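Colleague: Sharing a structure with you now.
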Amino acid sequence: VQPQSSFFEQILLAHLVDGFLGSLVTQMKPDVLYEFGCGTGQHLLRLHRQWPDLDLVGLDWAESSQRLLTKMAHKEGTSKMAAANFDFYNPDKGIEISQSGIAYTVAALEQVGSEHHHFIDFVLSKRPMLVFHVEPIAELLPDGPLESAAKAYFRARNYLEGFLDELYAREG
């Protein structure tokens with residue numbers, strides 16, 4: 001079956017993220033959402049339009065991302081969307097994260113390979129009320145020829161590795 005849109009994957013991801021965040025915002029009533037590795041800010045823009053009074057912070061190591069998010073906030077006429085620099089390998093401990101906030105990533109941690117412990121340490125030190133990730137996790141793939149090819153691709157691209165095992169080890 002051929003998708004009806006060439007943006008099918010992007011639309012599907014948007015619905016997935018919006019569904020997760022919509023439920024969390026409604027149930028937990030955070031005072032702020034933090035998207036680490038926000039890239040173009042597409043998720044934050046949709047969230048702002050759904051909850052215009054909710055504070056949103058997009059954190060990314062690319063200055064172009066920060067400029068784009070700042071321009072979007074200006075175009076939307078809001079002070080509720082902010083951008084900040086964030087380095088997954090060397091997080092600035094001075095960045096304030098509300099303990100009444102929710103932090104999340106969407107296909108951002110895949111870039112850090114096995115160096116995810118810096119981010120985990122940072123988030124644990126800040127203690128937001130909830131952290132969730134929508135990330136490709138090789139450890140969750142079953143064994144099989146297609147999955148083996150995907151795992152090999154993950155390794156070749158230095159995608160997220162050992163993240164789930166690290167989270168399980170720190171659980172408690």
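Chain labels A, B, ... are given in the sequence in which chains occur in the structure tokens; within each chain residues are numbered consecutively from 1, and ligands are likewise numbered from 1 in the order shown.
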Please, which residues in region 38-137 of chain A fall within 12 Å of region 12-28 of chain A when counting only C-alpha atoms, and what is the closest atom pair and distance in Å to one decimal for each, ordered by chain then residue number, as JSON lines?
Modeller:
{"residue": "A:Gly41", "atom": "CA", "partner": "A:Ala14", "partner_atom": "CA", "distance": 11.8}
{"residue": "A:Gln42", "atom": "CA", "partner": "A:Ala14", "partner_atom": "CA", "distance": 8.6}
{"residue": "A:His43", "atom": "CA", "partner": "A:Ala14", "partner_atom": "CA", "distance": 7.0}
{"residue": "A:Leu44", "atom": "CA", "partner": "A:Asp18", "partner_atom": "CA", "distance": 9.9}
{"residue": "A:Leu45", "atom": "CA", "partner": "A:Asp18", "partner_atom": "CA", "distance": 11.1}
{"residue": "A:Arg46", "atom": "CA", "partner": "A:Asp18", "partner_atom": "CA", "distance": 8.1}
{"residue": "A:Leu47", "atom": "CA", "partner": "A:Asp18", "partner_atom": "CA", "distance": 7.5}
{"residue": "A:His48", "atom": "CA", "partner": "A:Asp18", "partner_atom": "CA", "distance": 11.2}
{"residue": "A:Arg49", "atom": "CA", "partner": "A:Asp18", "partner_atom": "CA", "distance": 11.5}
{"residue": "A:Gln50", "atom": "CA", "partner": "A:Gly22", "partner_atom": "CA", "distance": 8.9}
{"residue": "A:Trp51", "atom": "CA", "partner": "A:Val25", "partner_atom": "CA", "distance": 9.0}
{"residue": "A:Asp53", "atom": "CA", "partner": "A:Val25", "partner_atom": "CA", "distance": 11.8}
{"residue": "A:Leu54", "atom": "CA", "partner": "A:Val25", "partner_atom": "CA", "distance": 9.2}
{"residue": "A:Asp55", "atom": "CA", "partner": "A:Val25", "partner_atom": "CA", "distance": 11.5}
{"residue": "A:Leu56", "atom": "CA", "partner": "A:Val25", "partner_atom": "CA", "distance": 11.8}
{"residue": "A:Ser100", "atom": "CA", "partner": "A:Met28", "partner_atom": "CA", "distance": 9.0}
{"residue": "A:Gly101", "atom": "CA", "partner": "A:Met28", "partner_atom": "CA", "distance": 9.3}
{"residue": "A:Ile102", "atom": "CA", "partner": "A:Leu24", "partner_atom": "CA", "distance": 8.5}
{"residue": "A:Ala103", "atom": "CA", "partner": "A:Leu21", "partner_atom": "CA", "distance": 10.3}
{"residue": "A:Tyr104", "atom": "CA", "partner": "A:Leu21", "partner_atom": "CA", "distance": 9.2}
{"residue": "A:Thr105", "atom": "CA", "partner": "A:Val17", "partner_atom": "CA", "distance": 9.7}
{"residue": "A:Val106", "atom": "CA", "partner": "A:Val17", "partner_atom": "CA", "distance": 7.9}
{"residue": "A:Ala107", "atom": "CA", "partner": "A:Leu13", "partner_atom": "CA", "distance": 10.0}
{"residue": "A:Pro128", "atom": "CA", "partner": "A:Met28", "partner_atom": "CA", "distance": 11.9}
{"residue": "A:Met129", "atom": "CA", "partner": "A:Met28", "partner_atom": "CA", "distance": 8.7}
{"residue": "A:Leu130", "atom": "CA", "partner": "A:Leu24", "partner_atom": "CA", "distance": 9.1}
{"residue": "A:Val131", "atom": "CA", "partner": "A:Leu24", "partner_atom": "CA", "distance": 10.7}
{"residue": "A:Phe132", "atom": "CA", "partner": "A:Phe20", "partner_atom": "CA", "distance": 9.2}
{"residue": "A:His133", "atom": "CA", "partner": "A:Val17", "partner_atom": "CA", "distance": 9.6}
{"residue": "A:Val134", "atom": "CA", "partner": "A:Val17", "partner_atom": "CA", "distance": 7.7}
{"residue": "A:Glu135", "atom": "CA", "partner": "A:Leu13", "partner_atom": "CA", "distance": 10.9}
Colleague: As a PyMOL selection string, please: the residues near Ala108 (chain A) (cut-off 8 Å, only C-alpha atoms, same-chain neighbours under 5 positions excluded).
Modeller: chain A and resi 36-38+135
Colleague: Have a look at A:Lys93, A:Gly39, A:Leu109, A:Glu9 and name the one nearest to Phe122 (chain A); count only C-alpha atoms.
Modeller: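 Closest to Phe122 (chain A), using only C-alpha atoms: A:Lys93.
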Colleague: Can you measure CA of Leu160 (chain A) to CA of Asp121 (chain A) for me? One decimal in Å is fine.
Modeller: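 Between these atoms lies a distance of 16.0 Å.
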Colleague: Neighbours of Val112 (chain A) within 10 Å (only C-alpha atoms; same-chain residues fewer than 6 positions away dropped), as a PDB file with C-alpha atoms, in the first residue's frame?
Modeller:
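The new file result12.pdb reads:
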ATOM      1  CA  PHE A  88      24.522  16.543  24.666  1.00  0.00           C
ATOM      2  CA  TYR A  89      28.215  15.741  25.236  1.00  0.00           C
ATOM      3  CA  HIS A 118      26.226  12.909  29.894  1.00  0.00           C
ATOM      4  CA  PHE A 119      22.610  13.664  29.025  1.00  0.00           C
ATOM      5  CA  ASN A 158      26.984   5.662  15.396  1.00  0.00           C
ATOM      6  CA  TYR A 159      23.339   5.842  16.402  1.00  0.00           C
ATOM      7  CA  LEU A 160      22.169   5.478  19.965  1.00  0.00           C
ATOM      8  CA  GLU A 161      23.723   2.417  21.553  1.00  0.00           C
ATOM      9  CA  PHE A 163      20.763   3.652  26.049  1.00  0.00           C
TER      10      PHE A 163
END
Colleague: Point out the residue among A:Glu110, A:Tyr168, A:Asp92, A:His116 with the least atom-to-atom distance to Phe154 (chain A), counting only C-alpha atoms.
Modeller: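 Checking each candidate against Phe154 (chain A), we get A:Glu110 as the closest.
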Colleague: I need the residue nearest Asn85 (chain A) from this list: A:Ser64, A:Pro30, A:Arg155, A:Met72. Use only C-alpha atoms for the distance.
Modeller: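 Among the listed residues, the smallest separation from Asn85 (chain A) belongs to A:Ser64.
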